[in-house]
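Notes to accompany the following structure.
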Amino acid sequence: MSTNSTSIAKRIRSPDSRRSGKPRKRAEQERSQATRSTILEAALAEFAEKGFEAASIRSIAERTGFQHPLLTYHYPTKDMLWRAVAEDTFARIRDEWDKRASQEANLSPLERLRAEYRALFRHTVEFPEFHRFMRQEASLDNPRLDWVAEAVLRPLIDRLLPQIKAAQTQGLLPRVEPILFHYMMVGLTAALSEFGPEMRVTRRLSADRPEVIEAYWKLVEDTVFGTKANGNAGNNYNSHDTDRATARKRKRRV
């Protein structure tokens, strides 16, 4: 069994809860929740690495250090486990947004978007398997993609698109189809985890170092939100008009 599997199992088998004096029923509920969380964490890694078809419940059990029947007790089928992983992943993101909502009540649409995409980025840093998990299922006519798009992704997108439109109306974001802006941002949140191994090989740069993480996201925010938020929204969006005006001036001088 791998060191990672052993460490996951130890987190569940810790005697702390037994010594805490909590009522037995509550302790059992907490232990059951901890077990499910560990299964979902291992399943995320398995599905991200192998894809749905090649992944197996038995292999996920080996990652956790649990017996196979314990996994099937909580998640009787592989499809149910895959859906639980997707729901859990996006629930974490949504909970983070909701937790910050009251603190950000007075933010402009642009600043709210900045905060929400930052939270998404932080999640991908903590769980680099997240986008690989989604990418494994990103093919047409895939029933899992159809399900996750309707059940999980749509509510999140419906939350973001009005803010994107509002920022566009204020001239703070490019006037493109809002969903294009959204998926551009999704790509940017994923880039560090996606290209981390390549960066390590090509430049000996560790994408998991805190200073690298901070520098990368500051670059994203400065590039996407920084100039716009400071009121210079029009400078970059009329570049074609500016080029044509400059050409006309040059022609008159000639």
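A note on labels: chains of the structure tokens are A, B, ... as shown, every chain counts residues from 1, and ligands are counted from 1 in their shown order.
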
>> So that I can see what lies close to region 224-226 of chain A, please list as a PyMOL selection string the residues with an atom at most 12 Å from it, counting only C-alpha atoms and leaving out residues fewer than 3 positions away in the same chain.
In response: chain A and resi 109-115+117-118+164+167-168+171-174+181-182+184-185+188+217-221+229-233+236

Pull N, CA and C atoms from the residues just selected and write them as a short mmCIF file (atom, residue, chain, number, x, y, z; two decimals), in the first residue's frame.
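Output file result04.cif follows:
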```
data_model
loop_
_atom_site.label_atom_id
_atom_site.label_comp_id
_atom_site.auth_asym_id
_atom_site.auth_seq_id
_atom_site.Cartn_x
_atom_site.Cartn_y
_atom_site.Cartn_z
N PRO A 109 -19.79 44.42 -9.46
CA PRO A 109 -19.78 43.14 -10.18
C PRO A 109 -18.37 42.68 -10.56
N LEU A 110 -17.53 43.62 -10.97
CA LEU A 110 -16.17 43.25 -11.37
C LEU A 110 -15.37 42.72 -10.20
N GLU A 111 -15.47 43.41 -9.05
CA GLU A 111 -14.71 42.97 -7.88
C GLU A 111 -15.26 41.65 -7.34
N ARG A 112 -16.57 41.45 -7.45
CA ARG A 112 -17.15 40.17 -7.02
C ARG A 112 -16.64 39.04 -7.91
N LEU A 113 -16.58 39.28 -9.21
CA LEU A 113 -16.03 38.28 -10.12
C LEU A 113 -14.59 37.96 -9.77
N ARG A 114 -13.83 39.00 -9.49
CA ARG A 114 -12.43 38.81 -9.12
C ARG A 114 -12.33 37.86 -7.91
N ALA A 115 -13.18 38.09 -6.90
CA ALA A 115 -13.15 37.28 -5.69
C ALA A 115 -13.61 35.85 -5.96
N TYR A 117 -13.61 34.10 -8.89
CA TYR A 117 -12.64 33.32 -9.67
C TYR A 117 -11.38 33.05 -8.85
N ARG A 118 -11.06 33.95 -7.94
CA ARG A 118 -9.92 33.68 -7.05
C ARG A 118 -10.23 32.46 -6.17
N ILE A 164 -20.92 39.07 -14.99
CA ILE A 164 -20.11 39.35 -16.17
C ILE A 164 -20.82 40.38 -17.05
N ALA A 167 -20.66 43.88 -15.52
CA ALA A 167 -19.34 44.49 -15.69
C ALA A 167 -19.13 44.91 -17.15
N GLN A 168 -19.66 44.15 -18.09
CA GLN A 168 -19.58 44.53 -19.50
C GLN A 168 -20.38 45.80 -19.76
N GLY A 171 -18.61 48.78 -19.03
CA GLY A 171 -17.42 48.98 -19.84
C GLY A 171 -16.15 48.46 -19.21
N LEU A 172 -16.28 47.54 -18.25
CA LEU A 172 -15.11 47.06 -17.52
C LEU A 172 -14.60 45.71 -18.01
N LEU A 173 -15.36 45.07 -18.88
CA LEU A 173 -14.94 43.80 -19.48
C LEU A 173 -15.25 43.84 -20.97
N PRO A 174 -14.54 43.06 -21.76
CA PRO A 174 -14.80 43.03 -23.21
C PRO A 174 -16.25 42.62 -23.49
N PHE A 181 -16.07 34.57 -21.78
CA PHE A 181 -15.24 35.13 -20.71
C PHE A 181 -15.14 34.13 -19.56
N HIS A 182 -16.25 33.52 -19.21
CA HIS A 182 -16.24 32.56 -18.10
C HIS A 182 -15.26 31.42 -18.36
N MET A 184 -12.77 31.32 -20.41
CA MET A 184 -11.41 31.83 -20.41
C MET A 184 -10.87 31.84 -18.98
N MET A 185 -11.70 32.33 -18.04
CA MET A 185 -11.28 32.38 -16.64
C MET A 185 -11.10 30.99 -16.06
N LEU A 188 -7.79 29.85 -17.09
CA LEU A 188 -6.72 30.51 -16.34
C LEU A 188 -6.60 29.94 -14.92
N TRP A 217 -1.37 34.15 -9.78
CA TRP A 217 -2.73 34.70 -9.73
C TRP A 217 -2.73 36.22 -9.73
N LYS A 218 -1.69 36.83 -9.19
CA LYS A 218 -1.58 38.29 -9.29
C LYS A 218 -1.45 38.70 -10.75
N LEU A 219 -0.69 37.93 -11.52
CA LEU A 219 -0.56 38.20 -12.95
C LEU A 219 -1.92 38.12 -13.64
N VAL A 220 -2.69 37.07 -13.31
CA VAL A 220 -4.02 36.92 -13.90
C VAL A 220 -4.91 38.10 -13.54
N GLU A 221 -4.95 38.45 -12.27
CA GLU A 221 -5.83 39.54 -11.83
C GLU A 221 -5.41 40.87 -12.43
N ALA A 229 -10.43 47.73 -13.64
CA ALA A 229 -10.94 48.18 -12.35
C ALA A 229 -10.49 49.58 -12.01
N ASN A 230 -9.41 50.02 -12.61
CA ASN A 230 -8.90 51.36 -12.33
C ASN A 230 -9.46 52.42 -13.26
N GLY A 231 -10.47 52.04 -14.03
CA GLY A 231 -11.18 53.03 -14.83
C GLY A 231 -10.60 53.27 -16.20
N ASN A 232 -9.70 52.42 -16.65
CA ASN A 232 -9.12 52.58 -17.99
C ASN A 232 -9.71 51.58 -18.95
N ALA A 233 -11.00 51.35 -18.80
CA ALA A 233 -11.64 50.26 -19.53
C ALA A 233 -11.55 50.42 -21.03
N ASN A 236 -8.10 49.38 -24.12
CA ASN A 236 -7.68 48.20 -24.86
C ASN A 236 -8.73 47.66 -25.81
#
```

>> If DSSP is run on the backbone, what residues of region 36-131 of chain A are helix (DSSP H, G or I)? A reply as a ChimeraX atom specification would be ideal.
In response: /A:36-54,57-64,68-74,78-101,109-126,129-131

Residues of the last selection are to be written out with C-alpha atoms, as a PDB file, in the first residue's frame.
```pdb
ATOM      1  CA  ARG A  36     -17.091   9.550   2.989  1.00  0.00           C
ATOM      2  CA  SER A  37     -14.765  12.539   2.628  1.00  0.00           C
ATOM      3  CA  THR A  38     -11.756  10.255   2.410  1.00  0.00           C
ATOM      4  CA  ILE A  39     -13.470   8.056  -0.169  1.00  0.00           C
ATOM      5  CA  LEU A  40     -14.381  11.101  -2.265  1.00  0.00           C
ATOM      6  CA  GLU A  41     -10.829  12.440  -2.066  1.00  0.00           C
ATOM      7  CA  ALA A  42      -9.399   9.110  -3.228  1.00  0.00           C
ATOM      8  CA  ALA A  43     -12.055   8.765  -5.931  1.00  0.00           C
ATOM      9  CA  LEU A  44     -11.266  12.237  -7.253  1.00  0.00           C
ATOM     10  CA  ALA A  45      -7.632  11.225  -7.675  1.00  0.00           C
ATOM     11  CA  GLU A  46      -8.564   7.890  -9.283  1.00  0.00           C
ATOM     12  CA  PHE A  47     -11.048   9.348 -11.768  1.00  0.00           C
ATOM     13  CA  ALA A  48      -8.703  12.227 -12.600  1.00  0.00           C
ATOM     14  CA  GLU A  49      -5.839   9.848 -13.320  1.00  0.00           C
ATOM     15  CA  LYS A  50      -7.648   7.069 -15.166  1.00  0.00           C
ATOM     16  CA  GLY A  51     -11.022   8.381 -16.279  1.00  0.00           C
ATOM     17  CA  PHE A  52     -14.353   6.800 -15.428  1.00  0.00           C
ATOM     18  CA  GLU A  53     -14.074   3.660 -17.522  1.00  0.00           C
ATOM     19  CA  ALA A  54     -10.628   2.598 -16.307  1.00  0.00           C
ATOM     20  CA  ILE A  57     -13.970   0.790  -6.826  1.00  0.00           C
ATOM     21  CA  ARG A  58     -11.361  -1.726  -5.712  1.00  0.00           C
ATOM     22  CA  SER A  59      -8.504   0.565  -6.726  1.00  0.00           C
ATOM     23  CA  ILE A  60     -10.140   3.493  -4.917  1.00  0.00           C
ATOM     24  CA  ALA A  61     -10.453   1.287  -1.820  1.00  0.00           C
ATOM     25  CA  GLU A  62      -6.726   0.582  -2.018  1.00  0.00           C
ATOM     26  CA  ARG A  63      -6.021   4.316  -2.099  1.00  0.00           C
ATOM     27  CA  THR A  64      -7.967   4.799   1.134  1.00  0.00           C
ATOM     28  CA  HIS A  68     -13.947  -2.762  -0.670  1.00  0.00           C
ATOM     29  CA  PRO A  69     -17.359  -3.448   1.009  1.00  0.00           C
ATOM     30  CA  LEU A  70     -17.083  -0.214   2.997  1.00  0.00           C
ATOM     31  CA  LEU A  71     -16.965   1.813  -0.218  1.00  0.00           C
ATOM     32  CA  THR A  72     -19.902   0.001  -1.769  1.00  0.00           C
ATOM     33  CA  TYR A  73     -21.850   0.496   1.462  1.00  0.00           C
ATOM     34  CA  HIS A  74     -21.580   4.277   1.028  1.00  0.00           C
ATOM     35  CA  LYS A  78     -19.169   3.554  -9.625  1.00  0.00           C
ATOM     36  CA  ASP A  79     -21.544   5.963 -11.341  1.00  0.00           C
ATOM     37  CA  MET A  80     -23.013   7.032  -7.976  1.00  0.00           C
ATOM     38  CA  LEU A  81     -19.491   7.575  -6.651  1.00  0.00           C
ATOM     39  CA  TRP A  82     -18.493   9.656  -9.685  1.00  0.00           C
ATOM     40  CA  ARG A  83     -21.553  11.869  -9.264  1.00  0.00           C
ATOM     41  CA  ALA A  84     -20.871  12.234  -5.550  1.00  0.00           C
ATOM     42  CA  VAL A  85     -17.321  13.404  -6.331  1.00  0.00           C
ATOM     43  CA  ALA A  86     -18.637  16.011  -8.782  1.00  0.00           C
ATOM     44  CA  GLU A  87     -21.298  17.243  -6.358  1.00  0.00           C
ATOM     45  CA  ASP A  88     -18.826  17.434  -3.482  1.00  0.00           C
ATOM     46  CA  THR A  89     -16.254  19.328  -5.537  1.00  0.00           C
ATOM     47  CA  PHE A  90     -18.641  22.022  -6.692  1.00  0.00           C
ATOM     48  CA  ALA A  91     -20.362  22.212  -3.297  1.00  0.00           C
ATOM     49  CA  ARG A  92     -17.004  23.206  -1.801  1.00  0.00           C
ATOM     50  CA  ILE A  93     -16.676  26.031  -4.319  1.00  0.00           C
ATOM     51  CA  ARG A  94     -20.259  27.176  -3.802  1.00  0.00           C
ATOM     52  CA  ASP A  95     -19.848  27.073  -0.008  1.00  0.00           C
ATOM     53  CA  GLU A  96     -16.737  29.233  -0.278  1.00  0.00           C
ATOM     54  CA  TRP A  97     -18.651  31.767  -2.371  1.00  0.00           C
ATOM     55  CA  ASP A  98     -21.586  31.750   0.057  1.00  0.00           C
ATOM     56  CA  LYS A  99     -19.277  32.156   3.034  1.00  0.00           C
ATOM     57  CA  ARG A 100     -17.795  35.287   1.499  1.00  0.00           C
ATOM     58  CA  ALA A 101     -21.084  36.644   0.145  1.00  0.00           C
ATOM     59  CA  PRO A 109     -19.780  43.136 -10.176  1.00  0.00           C
ATOM     60  CA  LEU A 110     -16.172  43.255 -11.373  1.00  0.00           C
ATOM     61  CA  GLU A 111     -14.710  42.965  -7.884  1.00  0.00           C
ATOM     62  CA  ARG A 112     -17.145  40.173  -7.022  1.00  0.00           C
ATOM     63  CA  LEU A 113     -16.035  38.275 -10.117  1.00  0.00           C
ATOM     64  CA  ARG A 114     -12.427  38.808  -9.115  1.00  0.00           C
ATOM     65  CA  ALA A 115     -13.151  37.281  -5.689  1.00  0.00           C
ATOM     66  CA  GLU A 116     -15.169  34.361  -7.043  1.00  0.00           C
ATOM     67  CA  TYR A 117     -12.644  33.324  -9.671  1.00  0.00           C
ATOM     68  CA  ARG A 118      -9.925  33.676  -7.052  1.00  0.00           C
ATOM     69  CA  ALA A 119     -11.833  31.203  -4.857  1.00  0.00           C
ATOM     70  CA  LEU A 120     -12.107  28.818  -7.812  1.00  0.00           C
ATOM     71  CA  PHE A 121      -8.372  29.143  -8.410  1.00  0.00           C
ATOM     72  CA  ARG A 122      -7.612  28.430  -4.741  1.00  0.00           C
ATOM     73  CA  HIS A 123      -9.661  25.265  -4.995  1.00  0.00           C
ATOM     74  CA  THR A 124      -7.713  24.051  -8.022  1.00  0.00           C
ATOM     75  CA  VAL A 125      -4.467  24.712  -6.169  1.00  0.00           C
ATOM     76  CA  GLU A 126      -5.653  22.665  -3.187  1.00  0.00           C
ATOM     77  CA  GLU A 129      -6.891  16.753  -9.738  1.00  0.00           C
ATOM     78  CA  PHE A 130     -10.084  18.815 -10.085  1.00  0.00           C
ATOM     79  CA  HIS A 131      -9.684  19.953 -13.687  1.00  0.00           C
TER      80      HIS A 131
END
```

>> To one decimal place in Å, what is the distance between CA of Leu192 (chain A) and CA of Ala207 (chain A)?
In response: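 Computing the Euclidean distance for CA of Leu192 (chain A) and CA of Ala207 (chain A) yields 6.4 Å.
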
>> Using only C-alpha atoms for the distances, tell me which of A:Ser206, A:Gln136, A:Ser32, A:Ser108 is nearest to Ser193 (chain A).
In response: A:Ser206

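Across the structure, CA of Gly65 (chain A) and CA of Ala27 (chain A) are spaced 20.7 Å apart.
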
> Between CA of Arg175 (chain A) and CA of Ala138 (chain A), what is the distance, to one decimal in Å?
Replying inline: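 Rounded to one decimal, the two atoms are 26.8 Å apart.
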
> From the list A:Val186, A:Phe127, A:Arg132, A:Glu177, which residue is nearest Asp208 (chain A) when using only C-alpha atoms?
Replying inline: A:Phe127

Could you give me, as CSV, every region 167-233 of chain A residue with an atom at most 10 Å from region 144-158 of chain A, plus its closest atom pair and distance in Å to one decimal, counting only C-alpha atoms, rows ordered by chain then number?
```
residue,atom,partner,partner_atom,distance
A:Pro178,CA,A:Ile157,CA,9.9
A:Ile179,CA,A:Ile157,CA,8.1
A:His182,CA,A:Ile157,CA,8.0
A:Tyr183,CA,A:Ile157,CA,9.8
```

Selection to disk with all heavy atoms, as an mmCIF file, in the first residue's frame:
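part-v3.cif, freshly written:
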```cif
data_model
loop_
_atom_site.group_PDB
_atom_site.id
_atom_site.type_symbol
_atom_site.label_atom_id
_atom_site.label_comp_id
_atom_site.auth_asym_id
_atom_site.auth_seq_id
_atom_site.Cartn_x
_atom_site.Cartn_y
_atom_site.Cartn_z
ATOM 1 N N PRO A 178 -20.791 36.328 -22.750
ATOM 2 C CA PRO A 178 -20.310 36.142 -21.366
ATOM 3 C C PRO A 178 -19.753 34.757 -21.081
ATOM 4 O O PRO A 178 -18.798 34.624 -20.314
ATOM 5 C CB PRO A 178 -21.556 36.443 -20.526
ATOM 6 C CG PRO A 178 -22.334 37.400 -21.355
ATOM 7 C CD PRO A 178 -22.128 36.954 -22.774
ATOM 8 N N ILE A 179 -20.320 33.735 -21.713
ATOM 9 C CA ILE A 179 -19.827 32.392 -21.430
ATOM 10 C C ILE A 179 -18.396 32.217 -21.929
ATOM 11 O O ILE A 179 -17.622 31.429 -21.369
ATOM 12 C CB ILE A 179 -20.759 31.325 -22.054
ATOM 13 C CG1 ILE A 179 -20.509 29.961 -21.405
ATOM 14 C CG2 ILE A 179 -20.589 31.247 -23.554
ATOM 15 C CD1 ILE A 179 -20.907 29.871 -19.963
ATOM 16 N N HIS A 182 -16.253 33.516 -19.212
ATOM 17 C CA HIS A 182 -16.241 32.555 -18.102
ATOM 18 C C HIS A 182 -15.260 31.422 -18.364
ATOM 19 O O HIS A 182 -14.428 31.100 -17.502
ATOM 20 C CB HIS A 182 -17.641 31.995 -17.886
ATOM 21 C CG HIS A 182 -17.660 30.798 -16.989
ATOM 22 N ND1 HIS A 182 -17.360 30.870 -15.641
ATOM 23 C CD2 HIS A 182 -17.899 29.473 -17.255
ATOM 24 C CE1 HIS A 182 -17.430 29.662 -15.107
ATOM 25 N NE2 HIS A 182 -17.750 28.807 -16.062
ATOM 26 N N TYR A 183 -15.329 30.817 -19.541
ATOM 27 C CA TYR A 183 -14.456 29.676 -19.784
ATOM 28 C C TYR A 183 -13.002 30.095 -19.991
ATOM 29 O O TYR A 183 -12.088 29.294 -19.739
ATOM 30 C CB TYR A 183 -14.978 28.842 -20.945
ATOM 31 C CG TYR A 183 -16.058 27.892 -20.479
ATOM 32 C CD1 TYR A 183 -17.395 28.104 -20.801
ATOM 33 C CD2 TYR A 183 -15.745 26.809 -19.668
ATOM 34 C CE1 TYR A 183 -18.390 27.248 -20.338
ATOM 35 C CE2 TYR A 183 -16.728 25.951 -19.203
ATOM 36 C CZ TYR A 183 -18.041 26.173 -19.538
ATOM 37 O OH TYR A 183 -19.018 25.327 -19.066
#
```
